[in-house]
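Q: Dropping a structure here in structure tokens format, bear with me for questions.
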Amino acid sequence: MTDVTTPNLSRRFALSSIVALGAAGLGAGARAADTKPSTPEKPTPPQAPDATHKAEPNASHPSPADQPGGTSHPVVKTESDIFYRPTIHFTPTIGFMNDPNGLVFDGTNFHLYYQYDPFAPYAGHVHWGHATSSDLLHWQDQPIAISETRDGEAFTGCAVIDRTNASGLFENAQGGMAALYTRASPHRQAQYLAISHDNGQTFTEHAHNPVLDIGSNSFRDPQVIFHEPTKQWVMVVAKSRLHQIAFYASIDLVHWVHLSDFGPSGLFGVDYECPNLIEVPLEGGGRRWVLFVSVNPGGPTGGSITQYFVGEFDGTRFIPDDTVIGLTDFAKDAYAMQVYSNMPQDEAVSIAWLGNWQYCQELPTQSWRGAMTLPRTMTLKRDFAGWIRLAQTPRHIETLRGTAIPFATRRIAAGSSAQVALPPGTAIELAMSVTVDERPHDLPLGDKGRTGRFIIVFGNEQGETLTIGFDAFSGQLWLDRNDLKGFAQPFFTGQFSTVLNPDDRHFDIRLILDASTLEIFANGGLSVGTALIFPAGPLDFLRLEASGAATTVESLSLYPLKKTMPRDTAI
Ligand code: FRU
């Protein structure tokens, strides 16, 4: 997608004349004016807030580490830091991590930059942490790539590869990597450009930063793509508190011209954040544009949520197919989702922050906080009603499988269960396909007797359980982390549910349990649930239960997954 071929000259000329004339009020470092004519009959839109009274940048969350004394906490390592540390999910060695940033494939390696406070397990003093991988699963830590400066913290952004030096920013025709991100101070959020001369290890800020500044303190999280049909770079960026996503175009990554605004649309919440635009393949052929918008707080499950819109992008504006929003997750711990750029065959791959602003700074670890989801391949599929929806599956997890854990269960009678012991400390993958029997006609009336439920229980002798259940007669799925005792906080709610397919007693699921993380992919990836989990003790057995009606297990595989992260964990 970021492959820059010979630019369309007339388009290029048109765009450069706009830049030269300053028609949109744009030049490097200049303020962009909104070109929309005023519409007096409409109510006055809200203004981005004036946050001059705050000591920290305007964000949808408090940043305690920005407060005086906020970084002076001693880093204490506890047993929980090891027990809750995932083995195959990326976590920071120490400090606090939130959004993934700059997801880019450089032709050999994948880069994962991330919002990072290296000094404290709280948000604040945001730098870009950095890790690289050849498979998106085994990560090597790299030095901090972008630091906090006098201009502000290094908030969320993206990285692009300019393979032909179409931007003219690099010394030779091979081009290179550029990062576009927000510098955030209490008074201003503006977009900055930095160039890497060493393949993403370090970045040098462009001389004329900020490259896009509209005089707002609520304007952040740029993502840039190369739009092949119009031969221009397109930026999507959040006018956060106005609940809009702004689109800008550039031919050189330095001068940006305002194209259009999208929103408010879907959820209001408090802030729109981390927009991402990508073409995603549609099962059965073709590709459609998908615009992802993270919202915080204000998600229907509480706090942080990522919504998406399927539609058309013509190089200027995004037009959704309908007025419906999709949510990337039915639970509440997948936020600020970002997609990889420069992927071979334009594969659509994402990583989200496995967390929620409602409780991420209070989690029961001390020296580190924050995890990323596994990399996910994204496609679009038609659901039972024919609507196009996002499907997500964990990418290449099969490569981590150890020897299968024997667990042969073909049929589970109503009211009975089957159980197997789990190896301690290791990540587990469970994939199953089941069909619940038809509703028995002789069942008594009343709640219990009328349900046909298939339940997956991860538990321990201390009575802790984590359950994932399928209610076959209503076609719904639940996730229940309420009976885990390692963490309690008012917003750390325990139960989530989603609809699968009406009148369908068949259920397929693939899930990955890894220390304090659970990722569920059901219904061919159309129903995804991501949850932090904090058991007080190891979950050492898996039990499958049938209630109300018997269940036929069509396939079942259970694997330990080999550790990929060089961190102290329970194994
Ligand atoms: C989303 C977010 C972004 C911001 C970053 C700050 O989680 O609030 O809008 O750039 O985190 O760390």
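Within each chain, counting starts at residue 1; across the structure tokens, chains are named A, B, ... in the order shown, with ligands numbered 1 upward in that order.
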Which residues, written as a tab-separated table (two decimals) with N, CA and C atoms, in the first residue's frame, have at least one atom at most 7 Å from Thr517 of chain A, with only C-alpha atoms counted and residues fewer than 2 positions away on the same chain left out?

A:
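Everything below was put into out.tsv:
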chain	number	residue	atom	x	y	z
A	513	LEU	N	-5.12	-18.58	25.84
A	513	LEU	CA	-5.02	-18.16	27.24
A	513	LEU	C	-3.54	-18.06	27.55
A	514	ASP	N	-3.10	-16.88	27.99
A	514	ASP	CA	-1.66	-16.68	28.21
A	514	ASP	C	-1.49	-15.78	29.43
A	515	ALA	N	-1.25	-16.39	30.59
A	515	ALA	CA	-1.06	-15.66	31.85
A	515	ALA	C	-2.24	-14.72	32.10
A	519	GLU	N	-7.78	-14.31	24.64
A	519	GLU	CA	-8.31	-13.85	23.36
A	519	GLU	C	-9.19	-14.95	22.79
A	531	ALA	N	-9.76	-10.11	26.79
A	531	ALA	CA	-9.94	-9.77	28.20
A	531	ALA	C	-8.66	-9.99	28.99
A	532	LEU	N	-8.37	-9.02	29.85
A	532	LEU	CA	-7.36	-9.24	30.87
A	532	LEU	C	-7.96	-10.14	31.92
A	533	ILE	N	-7.18	-11.05	32.44
A	533	ILE	CA	-7.68	-11.96	33.48
A	533	ILE	C	-6.64	-12.05	34.59

Q: Would you mind listing what lies within 6 Å of Ala178 of chain A as a VMD selection string, with only C-alpha atoms counted and same-chain residues fewer than 3 positions away left out?

A: chain A and resid 159 to 160 194 to 196

Q: Print the selection's residues with N, CA, C and O atoms to a file, as a JSON list (two decimals), in the first residue's frame.

A:
[["chain", "number", "residue", "atom", "x", "y", "z"],
["A", 159, "ALA", "N", 4.25, 4.72, 11.04],
["A", 159, "ALA", "CA", 5.50, 4.72, 10.26],
["A", 159, "ALA", "C", 5.16, 4.26, 8.85],
["A", 159, "ALA", "O", 4.31, 3.38, 8.66],
["A", 160, "VAL", "N", 5.81, 4.89, 7.87],
["A", 160, "VAL", "CA", 5.60, 4.49, 6.47],
["A", 160, "VAL", "C", 6.95, 4.26, 5.82],
["A", 160, "VAL", "O", 7.96, 4.83, 6.23],
["A", 194, "ALA", "N", 9.33, 12.67, 11.36],
["A", 194, "ALA", "CA", 10.73, 12.33, 11.66],
["A", 194, "ALA", "C", 11.18, 11.27, 10.67],
["A", 194, "ALA", "O", 10.38, 10.43, 10.23],
["A", 195, "ILE", "N", 12.45, 11.33, 10.30],
["A", 195, "ILE", "CA", 13.00, 10.44, 9.28],
["A", 195, "ILE", "C", 14.00, 9.51, 9.93],
["A", 195, "ILE", "O", 14.77, 9.93, 10.79],
["A", 196, "SER", "N", 14.01, 8.26, 9.49],
["A", 196, "SER", "CA", 15.02, 7.34, 10.00],
["A", 196, "SER", "C", 16.06, 7.06, 8.93],
["A", 196, "SER", "O", 15.72, 6.79, 7.78]]

Q: Go through A:Leu466, A:Ala238, A:Leu291, A:Leu136 one by one, measure the shortest atom-to-atom distance of each to ligand 1 using only C-alpha atoms and all ligand atoms, and give the residue with the smallest value.

A: A:Ala238

Q: Would you mind listing the residues within 9 Å of ligand 1, counting only C-alpha atoms and all ligand atoms, as a compact mmCIF listing (two decimals) with all heavy atoms, in the first residue's frame?

A:
# COMPACT_ATOMS: atom_id res chain seq x y z
N PRO A 57 -0.86 16.78 28.94
CA PRO A 57 -1.54 16.93 27.64
C PRO A 57 -2.97 16.44 27.69
O PRO A 57 -3.31 15.55 28.47
CB PRO A 57 -0.70 16.06 26.71
CG PRO A 57 0.62 15.92 27.38
CD PRO A 57 0.34 15.96 28.84
N ASN A 58 -3.77 17.03 26.82
CA ASN A 58 -5.17 16.65 26.74
C ASN A 58 -5.27 15.26 26.14
O ASN A 58 -4.88 15.01 25.02
CB ASN A 58 -5.85 17.68 25.84
CG ASN A 58 -7.33 17.51 25.80
OD1 ASN A 58 -7.87 16.73 26.57
ND2 ASN A 58 -7.98 18.22 24.91
N ALA A 59 -5.77 14.33 26.92
CA ALA A 59 -5.97 12.97 26.42
C ALA A 59 -7.25 12.47 27.06
O ALA A 59 -7.84 13.12 27.90
CB ALA A 59 -4.80 12.07 26.78
N SER A 60 -7.67 11.29 26.64
CA SER A 60 -8.92 10.77 27.16
C SER A 60 -8.73 10.11 28.52
O SER A 60 -9.62 9.49 29.04
CB SER A 60 -9.48 9.74 26.18
OG SER A 60 -8.52 8.72 25.99
N HIS A 61 -7.55 10.25 29.07
CA HIS A 61 -7.24 9.56 30.33
C HIS A 61 -6.31 10.40 31.17
O HIS A 61 -5.56 11.21 30.62
CB HIS A 61 -6.54 8.24 30.00
CG HIS A 61 -5.31 8.46 29.18
ND1 HIS A 61 -5.33 8.47 27.80
CD2 HIS A 61 -4.03 8.73 29.53
CE1 HIS A 61 -4.11 8.72 27.35
NE2 HIS A 61 -3.31 8.88 28.38
N SER A 63 -2.89 11.15 33.19
CA SER A 63 -1.51 10.67 33.06
C SER A 63 -0.76 11.01 34.34
O SER A 63 -0.07 12.03 34.41
CB SER A 63 -0.84 11.32 31.86
OG SER A 63 -1.59 11.05 30.70
N MET A 97 3.03 0.72 29.18
CA MET A 97 2.83 0.71 27.73
C MET A 97 1.34 0.81 27.42
O MET A 97 0.52 0.15 28.05
CB MET A 97 3.38 -0.61 27.16
CG MET A 97 3.18 -0.76 25.66
SD MET A 97 3.87 -2.31 25.04
CE MET A 97 2.53 -3.45 25.45
N ASN A 98 1.01 1.65 26.42
CA ASN A 98 -0.36 1.59 25.88
C ASN A 98 -0.31 1.40 24.37
O ASN A 98 0.26 0.39 23.93
CB ASN A 98 -1.23 2.76 26.38
CG ASN A 98 -0.66 4.15 26.19
OD1 ASN A 98 0.29 4.52 26.85
ND2 ASN A 98 -1.26 4.92 25.31
N ASP A 99 -0.84 2.28 23.57
CA ASP A 99 -1.10 2.01 22.15
C ASP A 99 0.10 1.46 21.35
O ASP A 99 1.21 1.95 21.50
CB ASP A 99 -1.47 3.28 21.41
CG ASP A 99 -2.49 4.14 22.13
OD1 ASP A 99 -2.95 3.75 23.20
OD2 ASP A 99 -2.81 5.21 21.59
N TYR A 114 5.67 1.64 20.39
CA TYR A 114 4.54 1.68 21.32
C TYR A 114 4.64 2.87 22.26
O TYR A 114 5.74 3.37 22.53
CB TYR A 114 4.44 0.37 22.11
CG TYR A 114 5.73 -0.08 22.78
CD1 TYR A 114 6.05 0.33 24.07
CD2 TYR A 114 6.63 -0.91 22.12
CE1 TYR A 114 7.23 -0.08 24.68
CE2 TYR A 114 7.81 -1.32 22.71
CZ TYR A 114 8.10 -0.91 24.00
OH TYR A 114 9.28 -1.30 24.59
N GLN A 115 3.49 3.32 22.73
CA GLN A 115 3.41 4.40 23.69
C GLN A 115 4.00 3.90 25.00
O GLN A 115 3.54 2.89 25.55
CB GLN A 115 1.94 4.80 23.90
CG GLN A 115 1.32 5.47 22.70
CD GLN A 115 1.81 6.89 22.54
OE1 GLN A 115 1.34 7.80 23.21
NE2 GLN A 115 2.78 7.11 21.64
N TYR A 116 5.00 4.63 25.49
CA TYR A 116 5.81 4.06 26.55
C TYR A 116 6.28 5.10 27.55
O TYR A 116 6.90 6.10 27.17
CB TYR A 116 7.02 3.39 25.90
CG TYR A 116 7.89 2.60 26.84
CD1 TYR A 116 7.33 1.82 27.85
CD2 TYR A 116 9.28 2.61 26.71
CE1 TYR A 116 8.13 1.10 28.71
CE2 TYR A 116 10.09 1.88 27.56
CZ TYR A 116 9.50 1.13 28.56
OH TYR A 116 10.30 0.41 29.41
N ASP A 117 5.97 4.86 28.83
CA ASP A 117 6.61 5.61 29.90
C ASP A 117 7.67 4.69 30.49
O ASP A 117 7.34 3.74 31.21
CB ASP A 117 5.59 6.01 30.96
CG ASP A 117 6.25 6.82 32.08
OD1 ASP A 117 7.51 6.82 32.14
OD2 ASP A 117 5.53 7.44 32.87
N ALA A 123 0.80 6.04 33.03
CA ALA A 123 0.87 6.82 31.80
C ALA A 123 1.52 8.18 32.06
O ALA A 123 1.32 8.78 33.11
CB ALA A 123 -0.54 7.02 31.25
N GLY A 124 2.30 8.63 31.10
CA GLY A 124 2.94 9.93 31.19
C GLY A 124 4.32 9.87 30.57
O GLY A 124 4.81 8.79 30.24
N HIS A 125 4.92 11.04 30.36
CA HIS A 125 6.27 11.13 29.76
C HIS A 125 6.41 10.20 28.57
O HIS A 125 7.33 9.39 28.48
CB HIS A 125 7.35 10.83 30.80
CG HIS A 125 7.37 11.84 31.88
ND1 HIS A 125 7.80 13.13 31.66
CD2 HIS A 125 6.95 11.79 33.16
CE1 HIS A 125 7.66 13.83 32.77
NE2 HIS A 125 7.14 13.04 33.69
N VAL A 126 5.47 10.34 27.63
CA VAL A 126 5.35 9.30 26.61
C VAL A 126 6.47 9.36 25.57
O VAL A 126 6.72 10.40 24.96
CB VAL A 126 3.98 9.38 25.91
CG1 VAL A 126 3.84 8.21 24.96
CG2 VAL A 126 2.85 9.36 26.93
N HIS A 127 7.14 8.23 25.41
CA HIS A 127 8.16 7.99 24.40
C HIS A 127 7.61 6.95 23.42
O HIS A 127 6.59 6.33 23.69
CB HIS A 127 9.42 7.40 25.04
CG HIS A 127 10.11 8.28 26.03
ND1 HIS A 127 9.49 8.80 27.13
CD2 HIS A 127 11.40 8.69 26.09
CE1 HIS A 127 10.37 9.53 27.83
NE2 HIS A 127 11.54 9.46 27.21
N GLU A 153 5.23 15.37 24.60
CA GLU A 153 5.35 13.92 24.62
C GLU A 153 5.16 13.38 23.20
O GLU A 153 4.55 14.05 22.35
CB GLU A 153 4.29 13.35 25.55
CG GLU A 153 4.45 13.87 26.98
CD GLU A 153 3.42 13.31 27.94
OE1 GLU A 153 3.12 12.11 27.86
OE2 GLU A 153 2.93 14.08 28.77
N ALA A 154 5.69 12.20 22.95
CA ALA A 154 5.57 11.58 21.62
C ALA A 154 4.35 10.66 21.64
O ALA A 154 4.43 9.49 21.99
CB ALA A 154 6.83 10.79 21.28
N PHE A 155 3.21 11.27 21.28
CA PHE A 155 1.95 10.52 21.29
C PHE A 155 1.86 9.61 20.06
O PHE A 155 2.78 9.54 19.23
CB PHE A 155 0.77 11.49 21.33
CG PHE A 155 0.28 11.82 22.73
CD1 PHE A 155 1.09 11.66 23.83
CD2 PHE A 155 -1.01 12.30 22.94
CE1 PHE A 155 0.64 11.96 25.12
CE2 PHE A 155 -1.48 12.61 24.21
CZ PHE A 155 -0.66 12.44 25.30
N THR A 156 0.70 8.97 19.93
CA THR A 156 0.52 7.92 18.92
C THR A 156 0.71 8.42 17.49
O THR A 156 0.38 9.55 17.15
CB THR A 156 -0.86 7.28 19.12
OG1 THR A 156 -0.72 6.34 20.18
CG2 THR A 156 -1.38 6.56 17.90
N GLY A 157 1.21 7.53 16.65
CA GLY A 157 1.40 7.83 15.24
C GLY A 157 1.76 6.57 14.47
O GLY A 157 1.63 5.46 14.97
N TYR A 181 3.64 11.50 13.87
CA TYR A 181 3.08 11.27 15.20
C TYR A 181 2.72 12.62 15.81
O TYR A 181 3.08 13.68 15.27
CB TYR A 181 4.10 10.53 16.08
CG TYR A 181 5.44 11.22 16.15
CD1 TYR A 181 5.77 12.03 17.24
CD2 TYR A 181 6.33 11.14 15.08
CE1 TYR A 181 6.97 12.71 17.27
CE2 TYR A 181 7.54 11.83 15.11
CZ TYR A 181 7.85 12.60 16.20
OH TYR A 181 9.03 13.30 16.21
N THR A 182 2.06 12.56 16.93
CA THR A 182 1.61 13.78 17.60
C THR A 182 2.61 14.15 18.69
O THR A 182 3.01 13.29 19.47
CB THR A 182 0.23 13.55 18.25
OG1 THR A 182 -0.67 13.13 17.23
CG2 THR A 182 -0.29 14.81 18.91
N ARG A 183 2.99 15.41 18.70
CA ARG A 183 3.68 15.94 19.89
C ARG A 183 2.60 16.60 20.74
O ARG A 183 1.83 17.43 20.23
CB ARG A 183 4.73 16.97 19.51
CG ARG A 183 6.00 16.35 19.00
CD ARG A 183 7.08 16.30 20.07
NE ARG A 183 8.22 15.56 19.56
CZ ARG A 183 8.82 14.58 20.20
NH1 ARG A 183 8.41 14.20 21.41
NH2 ARG A 183 9.85 13.95 19.68
N ALA A 184 2.53 16.21 21.99
CA ALA A 184 1.44 16.69 22.84
C ALA A 184 1.98 17.42 24.05
O ALA A 184 2.82 16.90 24.79
CB ALA A 184 0.59 15.50 23.29
N SER A 218 -6.45 19.19 20.93
CA SER A 218 -7.22 17.95 20.89
C SER A 218 -7.21 17.41 19.44
O SER A 218 -8.25 17.25 18.81
CB SER A 218 -8.64 18.27 21.37
OG SER A 218 -9.49 17.19 21.23
N PHE A 219 -6.03 17.17 18.92
CA PHE A 219 -5.84 16.86 17.50
C PHE A 219 -4.67 15.88 17.43
O PHE A 219 -3.51 16.29 17.56
CB PHE A 219 -5.50 18.17 16.77
CG PHE A 219 -5.27 18.05 15.29
CD1 PHE A 219 -6.20 17.42 14.47
CD2 PHE A 219 -4.14 18.61 14.69
CE1 PHE A 219 -5.99 17.35 13.09
CE2 PHE A 219 -3.94 18.55 13.32
CZ PHE A 219 -4.87 17.91 12.52
N ARG A 220 -4.98 14.57 17.26
CA ARG A 220 -3.87 13.63 17.45
C ARG A 220 -4.03 12.31 16.70
O ARG A 220 -5.06 12.02 16.12
CB ARG A 220 -3.67 13.35 18.94
CG ARG A 220 -4.87 12.76 19.67
CD ARG A 220 -4.51 12.54 21.14
NE ARG A 220 -5.61 11.99 21.90
CZ ARG A 220 -6.55 12.71 22.50
NH1 ARG A 220 -6.53 14.03 22.41
NH2 ARG A 220 -7.52 12.12 23.17
N ASP A 221 -2.95 11.54 16.77
CA ASP A 221 -2.87 10.14 16.34
C ASP A 221 -2.95 9.97 14.82
O ASP A 221 -3.82 9.25 14.30
CB ASP A 221 -3.96 9.30 17.03
CG ASP A 221 -3.96 9.45 18.54
OD1 ASP A 221 -2.93 9.87 19.09
OD2 ASP A 221 -4.99 9.16 19.17
N PRO A 222 -2.02 10.58 14.06
CA PRO A 222 -2.08 10.45 12.60
C PRO A 222 -1.71 9.04 12.13
O PRO A 222 -0.80 8.41 12.66
CB PRO A 222 -1.02 11.45 12.12
CG PRO A 222 -0.03 11.51 13.25
CD PRO A 222 -0.84 11.35 14.50
N ALA A 238 -7.31 12.33 14.34
CA ALA A 238 -8.51 12.58 15.14
C ALA A 238 -8.58 14.02 15.64
O ALA A 238 -7.62 14.52 16.24
CB ALA A 238 -8.56 11.63 16.32
N SER A 240 -10.12 15.03 18.29
CA SER A 240 -10.64 14.09 19.29
C SER A 240 -11.96 14.51 19.93
O SER A 240 -12.93 13.78 19.93
CB SER A 240 -9.60 13.86 20.38
OG SER A 240 -8.47 13.28 19.79
N ASP A 271 -13.61 11.06 23.68
CA ASP A 271 -12.62 11.40 22.65
C ASP A 271 -12.59 10.36 21.54
O ASP A 271 -12.67 9.15 21.82
CB ASP A 271 -11.21 11.44 23.26
CG ASP A 271 -10.90 12.77 23.91
OD1 ASP A 271 -11.72 13.70 23.80
OD2 ASP A 271 -9.84 12.87 24.54
N TYR A 272 -12.44 10.83 20.30
CA TYR A 272 -12.09 9.93 19.19
C TYR A 272 -10.56 9.90 19.13
O TYR A 272 -9.91 10.94 19.22
CB TYR A 272 -12.63 10.47 17.86
CG TYR A 272 -14.10 10.18 17.59
CD1 TYR A 272 -14.94 9.70 18.58
CD2 TYR A 272 -14.64 10.39 16.32
CE1 TYR A 272 -16.28 9.44 18.32
CE2 TYR A 272 -15.98 10.13 16.05
CZ TYR A 272 -16.80 9.66 17.07
OH TYR A 272 -18.12 9.41 16.80
N GLU A 273 -10.02 8.71 18.94
CA GLU A 273 -8.57 8.55 18.96
C GLU A 273 -8.15 7.51 17.92
O GLU A 273 -8.96 6.70 17.46
CB GLU A 273 -8.09 8.08 20.35
CG GLU A 273 -8.55 8.98 21.48
CD GLU A 273 -8.01 8.59 22.85
OE1 GLU A 273 -8.02 7.40 23.21
OE2 GLU A 273 -7.58 9.49 23.58
N CYS A 274 -6.88 7.53 17.59
CA CYS A 274 -6.22 6.45 16.83
C CYS A 274 -7.01 5.98 15.61
O CYS A 274 -7.27 4.77 15.48
CB CYS A 274 -5.96 5.26 17.75
SG CYS A 274 -5.05 5.68 19.22
N SER A 294 -11.03 4.62 17.45
CA SER A 294 -11.07 4.24 18.86
C SER A 294 -11.76 5.35 19.65
O SER A 294 -11.60 6.54 19.33
CB SER A 294 -9.65 4.00 19.37
OG SER A 294 -9.15 2.80 18.83
N VAL A 295 -12.54 4.95 20.63
CA VAL A 295 -13.33 5.90 21.42
C VAL A 295 -13.06 5.64 22.90
O VAL A 295 -13.11 4.50 23.35
CB VAL A 295 -14.85 5.71 21.16
CG1 VAL A 295 -15.67 6.71 21.97
CG2 VAL A 295 -15.17 5.85 19.68
N ASN A 296 -12.75 6.71 23.63
CA ASN A 296 -12.48 6.54 25.06
C ASN A 296 -12.82 7.81 25.84
O ASN A 296 -12.45 8.89 25.41
CB ASN A 296 -11.01 6.21 25.29
CG ASN A 296 -10.72 5.97 26.76
OD1 ASN A 296 -11.18 5.01 27.33
ND2 ASN A 296 -9.98 6.87 27.38
N SER A 304 -12.81 1.98 27.12
CA SER A 304 -12.18 2.06 25.78
C SER A 304 -12.77 1.03 24.83
O SER A 304 -12.95 -0.14 25.20
CB SER A 304 -10.68 1.79 25.92
OG SER A 304 -10.13 2.46 27.03
N TYR A 335 -7.87 -2.10 22.51
CA TYR A 335 -8.05 -0.67 22.23
C TYR A 335 -6.93 -0.15 21.33
O TYR A 335 -5.87 -0.76 21.21
CB TYR A 335 -8.07 0.12 23.54
CG TYR A 335 -8.50 1.56 23.33
CD1 TYR A 335 -9.75 1.83 22.80
CD2 TYR A 335 -7.66 2.61 23.62
CE1 TYR A 335 -10.15 3.15 22.58
CE2 TYR A 335 -8.04 3.93 23.41
CZ TYR A 335 -9.30 4.18 22.87
OH TYR A 335 -9.70 5.47 22.65
N ALA A 336 -7.22 1.00 20.71
CA ALA A 336 -6.22 1.73 19.92
C ALA A 336 -5.62 0.83 18.83
O ALA A 336 -4.44 0.90 18.54
CB ALA A 336 -5.11 2.27 20.83
N TRP A 353 -3.79 -2.63 21.66
CA TRP A 353 -3.34 -2.62 23.05
C TRP A 353 -4.34 -3.47 23.84
O TRP A 353 -5.55 -3.28 23.72
CB TRP A 353 -3.32 -1.18 23.56
CG TRP A 353 -3.12 -1.01 25.02
CD1 TRP A 353 -2.23 -1.67 25.83
CD2 TRP A 353 -3.82 -0.09 25.87
NE1 TRP A 353 -2.33 -1.22 27.11
CE2 TRP A 353 -3.29 -0.25 27.17
CE3 TRP A 353 -4.82 0.85 25.66
CZ2 TRP A 353 -3.75 0.51 28.24
CZ3 TRP A 353 -5.27 1.59 26.73
CH2 TRP A 353 -4.74 1.43 28.01
N ASN A 356 -7.47 -1.28 28.89
CA ASN A 356 -8.59 -0.36 28.93
C ASN A 356 -8.19 0.77 29.88
O ASN A 356 -7.68 0.50 30.98
CB ASN A 356 -9.84 -1.09 29.44
CG ASN A 356 -11.10 -0.26 29.30
OD1 ASN A 356 -11.15 0.91 29.68
ND2 ASN A 356 -12.14 -0.87 28.76
N TRP A 357 -8.43 2.01 29.45
CA TRP A 357 -8.02 3.15 30.29
C TRP A 357 -8.73 3.16 31.63
O TRP A 357 -8.29 3.85 32.55
CB TRP A 357 -8.25 4.46 29.53
CG TRP A 357 -7.17 4.74 28.53
CD1 TRP A 357 -7.29 4.79 27.18
CD2 TRP A 357 -5.78 4.99 28.82
NE1 TRP A 357 -6.07 5.06 26.60
CE2 TRP A 357 -5.13 5.19 27.59
CE3 TRP A 357 -5.02 5.07 29.99
CZ2 TRP A 357 -3.76 5.45 27.49
CZ3 TRP A 357 -3.66 5.33 29.89
CH2 TRP A 357 -3.05 5.52 28.66

Q: May I ask for the distance between atom CA of His396 of chain A and atom CA of Lys563 of chain A, given in Å to one decimal place?

A: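 Calculated distance between atom CA of His396 of chain A and atom CA of Lys563 of chain A is 14.1 Å.
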
Q: Check the smallest atom-to-atom distance from each of A:Thr451, A:Thr465, A:Ser433, A:Ser474 to Thr552 of chain A using only C-alpha atoms, then report the winner.

A: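 Residue with the minimum atom-to-atom distance to Thr552 of chain A: A:Ser433.
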
Q: List the spatial neighbours of Leu484 of chain A as an MDAnalysis selection string - criterion: any atom at most 12 Å away, only C-alpha atoms, same-chain residues fewer than 6 positions off excluded.

A: chainID A and resid 457:460 462:467 492:495 516 532:539

Q: Which one is closest to Met177 of chain A: A:Gly200, A:Pro406, A:Gly215, A:Pro64? Count only C-alpha atoms.

A: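 Closest candidate: A:Gly200.
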
Q: Find the residues around Ser557 of chain A up to 8 Å (only C-alpha atoms counted), leave out those fewer than 6 positions away in its own chain, and share them as a PyMOL selection string.

A: chain A and resi 404-405+407+429-432

Q: Rounded to one decimal, what separation in Å do you get between atom CA of Gly269 of chain A and atom CA of Ile319 of chain A?

A: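 Value for the atom CA of Gly269 of chain A-atom CA of Ile319 of chain A distance: 21.3 Å.
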
Q: Just asking: which residues within segment 25-187 of chain A are helix (DSSP H, G or I) according to DSSP, as a VMD selection string?

A: chain A and resid 64 to 66 79 to 83

Q: What's around His89 of chain A at 7 Å? Count only C-alpha atoms, leave out sequence neighbours fewer than 6 positions away in its own chain, and write the answer as a PyMOL selection string.

A: chain A and resi 371-374

Q: With C-alpha atoms kept, could you save the residues just selected as a short mmCIF file (atom, residue, chain, number, x, y, z; two decimals), in the first residue's frame?

A:
data_model
loop_
_atom_site.label_atom_id
_atom_site.label_comp_id
_atom_site.auth_asym_id
_atom_site.auth_seq_id
_atom_site.Cartn_x
_atom_site.Cartn_y
_atom_site.Cartn_z
CA ALA A 371 0.34 -5.89 26.85
CA MET A 372 -0.34 -6.09 23.13
CA THR A 373 -2.82 -8.46 21.51
CA LEU A 374 -1.46 -11.18 19.30
#

Q: Work out how far apart atom CA of Phe203 of chain A and atom CA of Val293 of chain A are and give it in Å to one decimal.

A: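 Computing it gives 26.9 Å between the two atoms.
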
Q: Counting only C-alpha atoms, figure out which residue out of A:Ala427, A:Leu137, A:Ile251, A:Leu556 gets nearest to Arg395 of chain A.

A: A:Leu137

Q: Neighbours of Pro566 of chain A within 12 Å (only C-alpha atoms; same-chain residues fewer than 2 positions away dropped), as a list of chain:residue names?

A: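 So the residues in contact are A:Arg85, A:Pro86, A:Thr87, A:Ile88, A:His89, A:Phe90, A:Thr91, A:Pro92, A:Thr93, A:Ala131, A:Leu137, A:His138, A:Trp139, A:Gln140, A:Asp141, A:Lys562, A:Lys563, A:Thr564, A:Asp568, A:Thr569, A:Ile571.
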
Q: Using DSSP on the backbone coordinates, identify all residues within segment 257-399 of chain A classified as strand (DSSP E or B); present the result as a VMD selection string.

A: chain A and resid 257 to 262 271 to 282 287 to 296 305 to 313 318 to 320 326 to 327 335 to 339 341 349 to 353 368 to 369 372 376 to 382 388 to 394

Q: Restricting the calculation to only C-alpha atoms, which member of A:Ile325, A:Val349, A:Ala549, A:Val420 is positioned closest to Ile388 of chain A?

A: A:Ile325

Q: Please list as a list in words every residue within 9 Å of Ala391 of chain A, counting only C-alpha atoms and excluding residues in the same chain fewer than 4 positions away.

A: Thr328, Thr377, Met378, Thr379, Leu380, Lys381, Phe521, Asn523, Gly524, Gly525, Leu526, Ser527 and Val528 of chain A

Q: Let me make sure I understand: among A:Ala145, A:Ala570, A:Leu477, A:Leu390, which one has the smallest atom-to-atom distance to Glu205 of chain A if we use only C-alpha atoms?

A: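 Nearest candidate to Glu205 of chain A out of A:Ala145, A:Ala570, A:Leu477, A:Leu390: A:Ala145.
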